[in-house]
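Structure record follows, encoded as structure tokens.
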Amino acid sequence: MKLAIISDIHSNLEALEAVLQDIKTQNVTAIYCTGDLVGYGANPNEVIELLWQNKVRCLMGNHDYACLDQRTRDEMIRNGRESIDYTKRVLTPESFDLLRKLLGFICENEIYLTHGLPPASFEEYLDMQNKNELNQAFLSFTEQVAFVGHTHLFEVVELTDSGKIEKYEFDFSNLDLKPTSRYLISAGSVGQPRDDNREAGYLIYDTETHQVIKRTFQYNVELTIEKIKNAGLPDNNGRRLLKD
């Protein structure tokens, strides 16, 4: 069984359309999104609708929750706050209702998923945790592999059979999971990557071969940036989609 893992779309319709089109060629059984459907981009309603049309199993991210919780919105940096304010202005009642129904975690098909850090945090960054915190995260789920988002990076944390924590970037195409190790894997970002590779990206997990495949590709980023500008969103939301 092949499972597609997408994350951090952030209202980037063009990137999501490109990802879903690629997923259709990969013979996947199910698609999961580890959160942050909205924020930063100009098309929150269209993104939410497209996800539901494609039966994507979606989780709650911190930007999704900020649309529902004023305190979470207030604790964001300025760009985040302004993006949430725009999102709340344009969201339809139907979109608000779908955001409210998002889950904190999913445990099925041999994988565990949440936005930030297991068991169900959407605010803790995987790459900022110390070894004790990572060990506690591994204790909170029983599956061999958990997929998370939030960092906007492709990253791997491996817990070896000897109890050693190893952290490394997912800077290769395929990762073969060792049968004696367990993993926390960050699925990058569809709509707002922060690894100096501005292509849209996602992961595929093959439950039979225990291989994780990273796929990245170009999309119409210029149209996305134009929409961000026309919507009156912070300029940096679009500028950082271009390569440095």
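Going by the structure tokens order, chains are called A, B, ..., each with residues numbered from 1, while ligands are numbered from 1 in the order shown.
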Checklist entry - Near stretch 64-69 of chain A, counting only C-alpha atoms, which residues have an atom at most 8 Å away, once you skip same-chain residues fewer than 3 positions from it, shown as a PyMOL selection string? => result chain A and resi 35-39+60-61+72-73+84-85+87-88+99-100
Write a file of the just-selected residues containing N, CA and C atoms, as a PDB file, in the first residue's frame.
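And here's out_1.pdb as it stands now:
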```
ATOM      1  N   GLY A  35      -1.617  19.036   8.232  1.00  0.00           N
ATOM      2  CA  GLY A  35      -2.066  20.299   8.790  1.00  0.00           C
ATOM      3  C   GLY A  35      -1.549  21.545   8.105  1.00  0.00           C
ATOM      4  N   ASP A  36      -2.064  22.680   8.583  1.00  0.00           N
ATOM      5  CA  ASP A  36      -1.852  24.002   7.997  1.00  0.00           C
ATOM      6  C   ASP A  36      -2.341  24.040   6.552  1.00  0.00           C
ATOM      7  N   LEU A  37      -3.632  23.846   6.429  1.00  0.00           N
ATOM      8  CA  LEU A  37      -4.294  23.985   5.140  1.00  0.00           C
ATOM      9  C   LEU A  37      -4.261  25.441   4.696  1.00  0.00           C
ATOM     10  N   VAL A  38      -4.369  26.372   5.662  1.00  0.00           N
ATOM     11  CA  VAL A  38      -4.552  27.789   5.351  1.00  0.00           C
ATOM     12  C   VAL A  38      -3.406  28.616   5.922  1.00  0.00           C
ATOM     13  N   GLY A  39      -3.482  29.932   5.673  1.00  0.00           N
ATOM     14  CA  GLY A  39      -2.462  30.863   6.109  1.00  0.00           C
ATOM     15  C   GLY A  39      -1.495  31.189   4.989  1.00  0.00           C
ATOM     16  N   MET A  60      -5.355  19.058  12.019  1.00  0.00           N
ATOM     17  CA  MET A  60      -5.340  20.452  12.451  1.00  0.00           C
ATOM     18  C   MET A  60      -3.909  20.948  12.581  1.00  0.00           C
ATOM     19  N   GLY A  61      -3.616  22.076  11.924  1.00  0.00           N
ATOM     20  CA  GLY A  61      -2.336  22.751  12.095  1.00  0.00           C
ATOM     21  C   GLY A  61      -2.523  24.017  12.909  1.00  0.00           C
ATOM     22  N   THR A  72      -4.361  32.088  19.895  1.00  0.00           N
ATOM     23  CA  THR A  72      -3.339  31.500  19.024  1.00  0.00           C
ATOM     24  C   THR A  72      -2.944  32.478  17.933  1.00  0.00           C
ATOM     25  N   ARG A  73      -3.934  33.153  17.377  1.00  0.00           N
ATOM     26  CA  ARG A  73      -3.656  34.166  16.344  1.00  0.00           C
ATOM     27  C   ARG A  73      -2.798  35.288  16.914  1.00  0.00           C
ATOM     28  N   ILE A  84      -3.681  35.376   8.910  1.00  0.00           N
ATOM     29  CA  ILE A  84      -4.872  34.799   9.531  1.00  0.00           C
ATOM     30  C   ILE A  84      -6.047  35.753   9.417  1.00  0.00           C
ATOM     31  N   ASP A  85      -5.805  37.044   9.595  1.00  0.00           N
ATOM     32  CA  ASP A  85      -6.898  38.016   9.477  1.00  0.00           C
ATOM     33  C   ASP A  85      -7.507  37.987   8.078  1.00  0.00           C
ATOM     34  N   THR A  87      -7.383  35.439   5.999  1.00  0.00           N
ATOM     35  CA  THR A  87      -8.045  34.143   5.841  1.00  0.00           C
ATOM     36  C   THR A  87      -9.426  34.151   6.473  1.00  0.00           C
ATOM     37  N   LYS A  88      -9.533  34.697   7.678  1.00  0.00           N
ATOM     38  CA  LYS A  88     -10.824  34.739   8.366  1.00  0.00           C
ATOM     39  C   LYS A  88     -11.837  35.615   7.629  1.00  0.00           C
ATOM     40  N   LEU A  99     -12.769  23.333   8.997  1.00  0.00           N
ATOM     41  CA  LEU A  99     -11.601  23.536   9.853  1.00  0.00           C
ATOM     42  C   LEU A  99     -11.890  23.072  11.280  1.00  0.00           C
ATOM     43  N   ARG A 100     -13.077  23.367  11.774  1.00  0.00           N
ATOM     44  CA  ARG A 100     -13.438  22.964  13.138  1.00  0.00           C
ATOM     45  C   ARG A 100     -13.413  21.446  13.311  1.00  0.00           C
TER      46      ARG A 100
END
```
Cut-off 9 Å: closest stretch 84-136 of chain A/stretch 160-182 of chain A atom pairs per residue, using only C-alpha atoms, as a tab-separated table:
```
residue	atom	partner	partner_atom	distance
A:Asp127	CA	A:Lys167	CA	8.4
A:Lys131	CA	A:Ile165	CA	6.7
A:Leu134	CA	A:Ile165	CA	8.0
A:Asn135	CA	A:Ile165	CA	8.0
```
Let me see the file: selected residues, N, CA, C and O atoms, as an mmCIF file, in the first residue's frame.
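Once written, part-v6.cif looks like this:
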```
data_model
loop_
_atom_site.group_PDB
_atom_site.id
_atom_site.type_symbol
_atom_site.label_atom_id
_atom_site.label_comp_id
_atom_site.auth_asym_id
_atom_site.auth_seq_id
_atom_site.Cartn_x
_atom_site.Cartn_y
_atom_site.Cartn_z
ATOM 1 N N ASP A 127 12.384 19.932 14.781
ATOM 2 C CA ASP A 127 13.810 20.220 14.735
ATOM 3 C C ASP A 127 14.309 21.003 15.954
ATOM 4 O O ASP A 127 15.508 21.230 16.095
ATOM 5 N N LYS A 131 16.862 15.571 23.003
ATOM 6 C CA LYS A 131 16.741 14.114 22.942
ATOM 7 C C LYS A 131 15.700 13.586 23.914
ATOM 8 O O LYS A 131 14.987 12.624 23.608
ATOM 9 N N LEU A 134 12.311 14.203 22.384
ATOM 10 C CA LEU A 134 12.091 13.281 21.273
ATOM 11 C C LEU A 134 11.783 11.874 21.770
ATOM 12 O O LEU A 134 10.921 11.183 21.224
ATOM 13 N N ASN A 135 12.468 11.452 22.811
ATOM 14 C CA ASN A 135 12.175 10.137 23.390
ATOM 15 C C ASN A 135 10.751 10.075 23.911
ATOM 16 O O ASN A 135 10.062 9.061 23.744
#
```
Dump as a tab-separated table the rows for residues of stretch 141-166 of chain A within 6 Å of stretch 184-196 of chain A: closest atom pair and distance in Å with one decimal, only C-alpha atoms counted, ordered by chain and rising residue number.
```
residue	atom	partner	partner_atom	distance
A:Val145	CA	A:Leu184	CA	5.9
A:Ala146	CA	A:Leu184	CA	4.9
A:Phe147	CA	A:Ile185	CA	4.9
A:Val148	CA	A:Ser186	CA	4.8
A:Gly149	CA	A:Ser186	CA	5.3
A:His152	CA	A:Gly188	CA	4.5
A:Leu153	CA	A:Gly188	CA	4.1
A:Phe154	CA	A:Gly188	CA	4.4
A:Glu155	CA	A:Ser186	CA	5.0
A:Val156	CA	A:Ile185	CA	4.6
A:Val157	CA	A:Leu184	CA	5.0
```
Once you have the residues from the selection above, write them out as a tab-separated table (two decimals), in the first residue's frame, restricted to C-alpha atoms.
```
chain	number	residue	atom	x	y	z
A	145	VAL	CA	6.92	5.69	11.76
A	146	ALA	CA	5.16	8.97	12.49
A	147	PHE	CA	4.80	11.78	9.97
A	148	VAL	CA	4.60	15.42	11.03
A	149	GLY	CA	4.60	18.88	9.49
A	152	HIS	CA	8.33	23.20	6.40
A	153	LEU	CA	11.44	21.04	6.04
A	154	PHE	CA	12.14	17.44	5.03
A	155	GLU	CA	13.76	15.97	8.14
A	156	VAL	CA	14.24	12.59	9.82
A	157	VAL	CA	14.63	11.63	13.46
```
Item to check | Which of stretch 62-225 of chain A fall in helix (DSSP H, G or I), as a PyMOL selection string | outcome: chain A and resi 62-66+70-74+78-90+93-100+126-128+131-139+221-225
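Residue nearest A:Lys227, chosen from A:Gly80, A:Leu20, A:Gly41, A:Ile9 and counting only C-alpha atoms: A:Gly41.
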Please return, as a PDB file with N, CA, C and O atoms, in the first residue's frame, all residues of stretch 85-187 of chain A that DSSP assigns to strand (DSSP E) on the basis of the backbone.
```
ATOM      1  N   PHE A 105      -4.783  14.174  15.572  1.00  0.00           N
ATOM      2  CA  PHE A 105      -3.868  13.123  15.133  1.00  0.00           C
ATOM      3  C   PHE A 105      -4.662  12.048  14.409  1.00  0.00           C
ATOM      4  O   PHE A 105      -5.886  11.942  14.541  1.00  0.00           O
ATOM      5  N   ILE A 106      -3.959  11.257  13.634  1.00  0.00           N
ATOM      6  CA  ILE A 106      -4.534  10.100  12.952  1.00  0.00           C
ATOM      7  C   ILE A 106      -3.595   8.924  13.171  1.00  0.00           C
ATOM      8  O   ILE A 106      -2.367   9.065  13.067  1.00  0.00           O
ATOM      9  N   CYS A 107      -4.175   7.773  13.462  1.00  0.00           N
ATOM     10  CA  CYS A 107      -3.407   6.548  13.666  1.00  0.00           C
ATOM     11  C   CYS A 107      -4.082   5.439  12.865  1.00  0.00           C
ATOM     12  O   CYS A 107      -5.112   4.906  13.287  1.00  0.00           O
ATOM     13  N   GLU A 108      -3.542   5.128  11.693  1.00  0.00           N
ATOM     14  CA  GLU A 108      -4.120   4.088  10.849  1.00  0.00           C
ATOM     15  C   GLU A 108      -3.125   3.710   9.757  1.00  0.00           C
ATOM     16  O   GLU A 108      -2.152   4.418   9.510  1.00  0.00           O
ATOM     17  N   ILE A 111       0.710   3.875  10.309  1.00  0.00           N
ATOM     18  CA  ILE A 111       1.427   5.123  10.528  1.00  0.00           C
ATOM     19  C   ILE A 111       0.698   5.983  11.560  1.00  0.00           C
ATOM     20  O   ILE A 111      -0.487   5.792  11.823  1.00  0.00           O
ATOM     21  N   TYR A 112       1.440   6.934  12.137  1.00  0.00           N
ATOM     22  CA  TYR A 112       0.894   7.922  13.067  1.00  0.00           C
ATOM     23  C   TYR A 112       1.156   9.289  12.462  1.00  0.00           C
ATOM     24  O   TYR A 112       2.242   9.534  11.924  1.00  0.00           O
ATOM     25  N   LEU A 113       0.180  10.178  12.551  1.00  0.00           N
ATOM     26  CA  LEU A 113       0.341  11.508  11.969  1.00  0.00           C
ATOM     27  C   LEU A 113      -0.181  12.578  12.926  1.00  0.00           C
ATOM     28  O   LEU A 113      -1.232  12.409  13.547  1.00  0.00           O
ATOM     29  N   THR A 114       0.561  13.673  13.040  1.00  0.00           N
ATOM     30  CA  THR A 114       0.100  14.861  13.733  1.00  0.00           C
ATOM     31  C   THR A 114       0.843  16.050  13.137  1.00  0.00           C
ATOM     32  O   THR A 114       1.769  15.867  12.333  1.00  0.00           O
ATOM     33  N   VAL A 145       6.651   4.373  12.348  1.00  0.00           N
ATOM     34  CA  VAL A 145       6.925   5.686  11.761  1.00  0.00           C
ATOM     35  C   VAL A 145       5.767   6.642  12.021  1.00  0.00           C
ATOM     36  O   VAL A 145       4.595   6.261  11.950  1.00  0.00           O
ATOM     37  N   ALA A 146       6.128   7.871  12.361  1.00  0.00           N
ATOM     38  CA  ALA A 146       5.163   8.967  12.488  1.00  0.00           C
ATOM     39  C   ALA A 146       5.565  10.069  11.518  1.00  0.00           C
ATOM     40  O   ALA A 146       6.757  10.373  11.358  1.00  0.00           O
ATOM     41  N   PHE A 147       4.570  10.667  10.875  1.00  0.00           N
ATOM     42  CA  PHE A 147       4.804  11.782   9.966  1.00  0.00           C
ATOM     43  C   PHE A 147       4.238  13.058  10.579  1.00  0.00           C
ATOM     44  O   PHE A 147       3.124  13.060  11.108  1.00  0.00           O
ATOM     45  N   VAL A 148       5.017  14.134  10.476  1.00  0.00           N
ATOM     46  CA  VAL A 148       4.604  15.419  11.028  1.00  0.00           C
ATOM     47  C   VAL A 148       4.845  16.518  10.000  1.00  0.00           C
ATOM     48  O   VAL A 148       5.444  16.295   8.942  1.00  0.00           O
ATOM     49  N   PHE A 154      12.065  18.902   5.077  1.00  0.00           N
ATOM     50  CA  PHE A 154      12.138  17.442   5.034  1.00  0.00           C
ATOM     51  C   PHE A 154      13.225  17.005   6.010  1.00  0.00           C
ATOM     52  O   PHE A 154      14.415  17.249   5.786  1.00  0.00           O
ATOM     53  N   GLU A 155      12.819  16.355   7.096  1.00  0.00           N
ATOM     54  CA  GLU A 155      13.765  15.969   8.139  1.00  0.00           C
ATOM     55  C   GLU A 155      13.423  14.584   8.679  1.00  0.00           C
ATOM     56  O   GLU A 155      12.272  14.156   8.606  1.00  0.00           O
ATOM     57  N   VAL A 156      14.428  13.928   9.250  1.00  0.00           N
ATOM     58  CA  VAL A 156      14.240  12.593   9.816  1.00  0.00           C
ATOM     59  C   VAL A 156      14.844  12.556  11.213  1.00  0.00           C
ATOM     60  O   VAL A 156      15.960  13.037  11.438  1.00  0.00           O
ATOM     61  N   VAL A 157      14.096  11.989  12.149  1.00  0.00           N
ATOM     62  CA  VAL A 157      14.630  11.626  13.458  1.00  0.00           C
ATOM     63  C   VAL A 157      14.492  10.117  13.585  1.00  0.00           C
ATOM     64  O   VAL A 157      13.393   9.577  13.468  1.00  0.00           O
ATOM     65  N   GLU A 158      15.611   9.442  13.798  1.00  0.00           N
ATOM     66  CA  GLU A 158      15.623   7.980  13.894  1.00  0.00           C
ATOM     67  C   GLU A 158      15.967   7.550  15.314  1.00  0.00           C
ATOM     68  O   GLU A 158      16.929   8.038  15.901  1.00  0.00           O
ATOM     69  N   LEU A 159      15.164   6.650  15.865  1.00  0.00           N
ATOM     70  CA  LEU A 159      15.443   6.027  17.150  1.00  0.00           C
ATOM     71  C   LEU A 159      15.940   4.615  16.878  1.00  0.00           C
ATOM     72  O   LEU A 159      15.186   3.759  16.416  1.00  0.00           O
ATOM     73  N   ILE A 165      19.314   8.455  19.482  1.00  0.00           N
ATOM     74  CA  ILE A 165      18.563   9.376  18.633  1.00  0.00           C
ATOM     75  C   ILE A 165      19.496   9.945  17.565  1.00  0.00           C
ATOM     76  O   ILE A 165      20.547  10.515  17.881  1.00  0.00           O
ATOM     77  N   GLU A 166      19.130   9.784  16.300  1.00  0.00           N
ATOM     78  CA  GLU A 166      19.895  10.347  15.190  1.00  0.00           C
ATOM     79  C   GLU A 166      19.004  11.290  14.391  1.00  0.00           C
ATOM     80  O   GLU A 166      17.887  10.923  14.029  1.00  0.00           O
ATOM     81  N   LYS A 167      19.494  12.498  14.127  1.00  0.00           N
ATOM     82  CA  LYS A 167      18.726  13.498  13.385  1.00  0.00           C
ATOM     83  C   LYS A 167      19.469  13.837  12.098  1.00  0.00           C
ATOM     84  O   LYS A 167      20.677  14.095  12.127  1.00  0.00           O
ATOM     85  N   TYR A 168      18.751  13.860  10.972  1.00  0.00           N
ATOM     86  CA  TYR A 168      19.399  14.210   9.717  1.00  0.00           C
ATOM     87  C   TYR A 168      18.361  14.752   8.731  1.00  0.00           C
ATOM     88  O   TYR A 168      17.161  14.502   8.856  1.00  0.00           O
ATOM     89  N   GLU A 169      18.859  15.503   7.760  1.00  0.00           N
ATOM     90  CA  GLU A 169      17.988  16.062   6.729  1.00  0.00           C
ATOM     91  C   GLU A 169      17.595  14.976   5.732  1.00  0.00           C
ATOM     92  O   GLU A 169      18.404  14.105   5.402  1.00  0.00           O
ATOM     93  N   ASN A 174      15.083   8.630  -1.657  1.00  0.00           N
ATOM     94  CA  ASN A 174      14.429   7.493  -1.015  1.00  0.00           C
ATOM     95  C   ASN A 174      15.070   7.214   0.342  1.00  0.00           C
ATOM     96  O   ASN A 174      16.290   7.326   0.501  1.00  0.00           O
ATOM     97  N   LEU A 175      14.230   6.830   1.297  1.00  0.00           N
ATOM     98  CA  LEU A 175      14.702   6.421   2.604  1.00  0.00           C
ATOM     99  C   LEU A 175      14.155   5.031   2.900  1.00  0.00           C
ATOM    100  O   LEU A 175      12.941   4.835   2.970  1.00  0.00           O
ATOM    101  N   ASP A 176      15.056   4.062   3.048  1.00  0.00           N
ATOM    102  CA  ASP A 176      14.658   2.704   3.403  1.00  0.00           C
ATOM    103  C   ASP A 176      14.659   2.584   4.923  1.00  0.00           C
ATOM    104  O   ASP A 176      15.716   2.709   5.563  1.00  0.00           O
ATOM    105  N   ARG A 182      12.870   3.127  14.709  1.00  0.00           N
ATOM    106  CA  ARG A 182      11.598   3.843  14.597  1.00  0.00           C
ATOM    107  C   ARG A 182      11.892   5.266  14.141  1.00  0.00           C
ATOM    108  O   ARG A 182      13.009   5.769  14.314  1.00  0.00           O
ATOM    109  N   TYR A 183      10.880   5.932  13.562  1.00  0.00           N
ATOM    110  CA  TYR A 183      11.137   7.190  12.867  1.00  0.00           C
ATOM    111  C   TYR A 183      10.071   8.252  13.148  1.00  0.00           C
ATOM    112  O   TYR A 183       8.879   7.945  13.256  1.00  0.00           O
ATOM    113  N   LEU A 184      10.545   9.492  13.225  1.00  0.00           N
ATOM    114  CA  LEU A 184       9.725  10.690  13.123  1.00  0.00           C
ATOM    115  C   LEU A 184      10.185  11.412  11.867  1.00  0.00           C
ATOM    116  O   LEU A 184      11.364  11.764  11.748  1.00  0.00           O
ATOM    117  N   ILE A 185       9.272  11.633  10.926  1.00  0.00           N
ATOM    118  CA  ILE A 185       9.659  12.202   9.635  1.00  0.00           C
ATOM    119  C   ILE A 185       8.817  13.423   9.339  1.00  0.00           C
ATOM    120  O   ILE A 185       7.578  13.374   9.360  1.00  0.00           O
ATOM    121  N   SER A 186       9.474  14.530   9.063  1.00  0.00           N
ATOM    122  CA  SER A 186       8.801  15.765   8.694  1.00  0.00           C
ATOM    123  C   SER A 186       8.612  15.802   7.184  1.00  0.00           C
ATOM    124  O   SER A 186       9.557  15.581   6.424  1.00  0.00           O
ATOM    125  N   ALA A 187       7.368  16.085   6.768  1.00  0.00           N
ATOM    126  CA  ALA A 187       6.967  15.920   5.366  1.00  0.00           C
ATOM    127  C   ALA A 187       7.150  17.164   4.509  1.00  0.00           C
ATOM    128  O   ALA A 187       6.553  17.271   3.439  1.00  0.00           O
TER     129      ALA A 187
END
```
Checklist entry - So which residues touch A:Tyr205 within 9 Å, counting only C-alpha atoms, skipping near sequence neighbours fewer than 6 positions away, as number ranges by chain? => result A: 1-5, 211-213
Checklist entry - Residues at most 9 Å from A:Tyr219, counting only C-alpha atoms, excluding those fewer than 2 positions away in the same chain, as a VMD selection string? => result chain A and resid 14 to 15 17 to 19 199 to 200 217 221 to 222
Just the selected residues (N, CA and C atoms), exported as a PDB file, in the first residue's frame, please.
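Now in part.pdb:
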```pdb
ATOM      1  N   GLU A  14      -2.037  26.691  -6.406  1.00  0.00           N
ATOM      2  CA  GLU A  14      -1.260  26.203  -7.551  1.00  0.00           C
ATOM      3  C   GLU A  14      -0.352  25.047  -7.143  1.00  0.00           C
ATOM      4  N   ALA A  15       0.293  25.167  -5.981  1.00  0.00           N
ATOM      5  CA  ALA A  15       1.166  24.095  -5.512  1.00  0.00           C
ATOM      6  C   ALA A  15       0.359  22.839  -5.192  1.00  0.00           C
ATOM      7  N   GLU A  17      -2.559  21.913  -6.460  1.00  0.00           N
ATOM      8  CA  GLU A  17      -3.024  21.308  -7.713  1.00  0.00           C
ATOM      9  C   GLU A  17      -1.913  20.480  -8.349  1.00  0.00           C
ATOM     10  N   ALA A  18      -0.688  21.008  -8.337  1.00  0.00           N
ATOM     11  CA  ALA A  18       0.440  20.282  -8.932  1.00  0.00           C
ATOM     12  C   ALA A  18       0.743  18.999  -8.154  1.00  0.00           C
ATOM     13  N   VAL A  19       0.687  19.083  -6.832  1.00  0.00           N
ATOM     14  CA  VAL A  19       0.948  17.903  -5.998  1.00  0.00           C
ATOM     15  C   VAL A  19      -0.108  16.828  -6.227  1.00  0.00           C
ATOM     16  N   GLU A 199      10.449  24.353  -4.763  1.00  0.00           N
ATOM     17  CA  GLU A 199       9.506  23.479  -5.446  1.00  0.00           C
ATOM     18  C   GLU A 199       8.515  22.896  -4.449  1.00  0.00           C
ATOM     19  N   ALA A 200       7.314  22.585  -4.916  1.00  0.00           N
ATOM     20  CA  ALA A 200       6.344  21.883  -4.084  1.00  0.00           C
ATOM     21  C   ALA A 200       6.853  20.474  -3.816  1.00  0.00           C
ATOM     22  N   PHE A 217       8.782  19.137  -7.265  1.00  0.00           N
ATOM     23  CA  PHE A 217       8.658  19.562  -8.663  1.00  0.00           C
ATOM     24  C   PHE A 217       8.178  21.003  -8.715  1.00  0.00           C
ATOM     25  N   VAL A 221       4.639  29.228  -9.624  1.00  0.00           N
ATOM     26  CA  VAL A 221       4.850  30.035  -8.432  1.00  0.00           C
ATOM     27  C   VAL A 221       4.592  31.516  -8.703  1.00  0.00           C
ATOM     28  N   GLU A 222       4.819  31.957  -9.942  1.00  0.00           N
ATOM     29  CA  GLU A 222       4.585  33.372 -10.267  1.00  0.00           C
ATOM     30  C   GLU A 222       3.118  33.744 -10.095  1.00  0.00           C
TER      31      GLU A 222
END
```
Checklist entry - By how many Å are atom CA of A:Glu46 and atom CA of A:Gly238 apart? => result 18.0 Å
Checklist entry - A:Asn45: which residues within 12 Å, counting only C-alpha atoms, same-chain residues fewer than 6 positions away excluded, as a ChimeraX atom specification? => result /A:10-13,37-39,51-52,86-99
Mind writing the picked residues with N, CA and C atoms as a CSV table (one decimal), in the first residue's frame?
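Writing done, so here's again09.csv:
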```
chain,number,residue,atom,x,y,z
A,10,HIS,N,-0.9,25.9,3.1
A,10,HIS,CA,-0.9,27.4,3.4
A,10,HIS,C,-1.6,28.1,2.2
A,11,SER,N,-2.8,27.7,1.9
A,11,SER,CA,-3.6,28.4,0.9
A,11,SER,C,-3.0,28.6,-0.5
A,12,ASN,N,-2.0,27.7,-0.8
A,12,ASN,CA,-1.3,27.8,-2.1
A,12,ASN,C,-2.0,26.9,-3.1
A,13,LEU,N,-2.9,27.4,-3.8
A,13,LEU,CA,-3.7,26.5,-4.7
A,13,LEU,C,-2.9,25.9,-5.8
A,37,LEU,N,-3.6,23.8,6.4
A,37,LEU,CA,-4.3,24.0,5.1
A,37,LEU,C,-4.3,25.4,4.7
A,38,VAL,N,-4.4,26.4,5.7
A,38,VAL,CA,-4.6,27.8,5.4
A,38,VAL,C,-3.4,28.6,5.9
A,39,GLY,N,-3.5,29.9,5.7
A,39,GLY,CA,-2.5,30.9,6.1
A,39,GLY,C,-1.5,31.2,5.0
A,51,LEU,N,-9.1,19.7,-1.3
A,51,LEU,CA,-8.7,18.6,-0.4
A,51,LEU,C,-9.9,17.7,-0.1
A,52,TRP,N,-11.0,18.3,0.1
A,52,TRP,CA,-12.2,17.5,0.4
A,52,TRP,C,-12.7,16.7,-0.8
A,86,TYR,N,-6.7,37.9,7.1
A,86,TYR,CA,-7.2,37.8,5.7
A,86,TYR,C,-8.0,36.5,5.5
A,87,THR,N,-7.4,35.4,6.0
A,87,THR,CA,-8.0,34.1,5.8
A,87,THR,C,-9.4,34.2,6.5
A,88,LYS,N,-9.5,34.7,7.7
A,88,LYS,CA,-10.8,34.7,8.4
A,88,LYS,C,-11.8,35.6,7.6
A,89,ARG,N,-11.3,36.6,7.0
A,89,ARG,CA,-12.3,37.5,6.2
A,89,ARG,C,-12.9,36.8,5.0
A,90,VAL,N,-12.1,36.0,4.4
A,90,VAL,CA,-12.6,35.4,3.1
A,90,VAL,C,-13.2,34.0,3.3
A,91,LEU,N,-12.9,33.3,4.4
A,91,LEU,CA,-13.4,31.9,4.6
A,91,LEU,C,-14.9,31.9,4.6
A,92,THR,N,-15.5,30.9,3.9
A,92,THR,CA,-16.9,30.7,3.9
A,92,THR,C,-17.3,30.0,5.1
A,93,PRO,N,-18.6,30.1,5.5
A,93,PRO,CA,-19.1,29.3,6.6
A,93,PRO,C,-18.8,27.8,6.5
A,94,GLU,N,-18.8,27.3,5.3
A,94,GLU,CA,-18.6,25.9,5.0
A,94,GLU,C,-17.1,25.6,5.3
A,95,SER,N,-16.2,26.5,4.9
A,95,SER,CA,-14.8,26.2,5.2
A,95,SER,C,-14.5,26.3,6.7
A,96,PHE,N,-15.1,27.3,7.4
A,96,PHE,CA,-14.9,27.3,8.8
A,96,PHE,C,-15.4,26.0,9.5
A,97,ASP,N,-16.5,25.5,9.0
A,97,ASP,CA,-17.0,24.3,9.6
A,97,ASP,C,-16.1,23.1,9.4
A,98,LEU,N,-15.4,23.0,8.2
A,98,LEU,CA,-14.5,21.9,7.9
A,98,LEU,C,-13.2,22.1,8.8
A,99,LEU,N,-12.8,23.3,9.0
A,99,LEU,CA,-11.6,23.5,9.9
A,99,LEU,C,-11.9,23.1,11.3
```
Checklist entry - From the set A:Thr25, A:Tyr32, A:His115, A:Phe141, which residue has the shortest atom-to-atom contact distance to A:His63, counting only C-alpha atoms? => result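 Between A:Thr25, A:Tyr32, A:His115, A:Phe141, the residue approaching A:His63 most closely is A:His115.
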Item to check | Gap from atom CA of A:Thr34 to atom CA of A:Ser7 - Å, one decimal | outcome: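 Atom-to-atom, atom CA of A:Thr34 to atom CA of A:Ser7, that is 4.9 Å.
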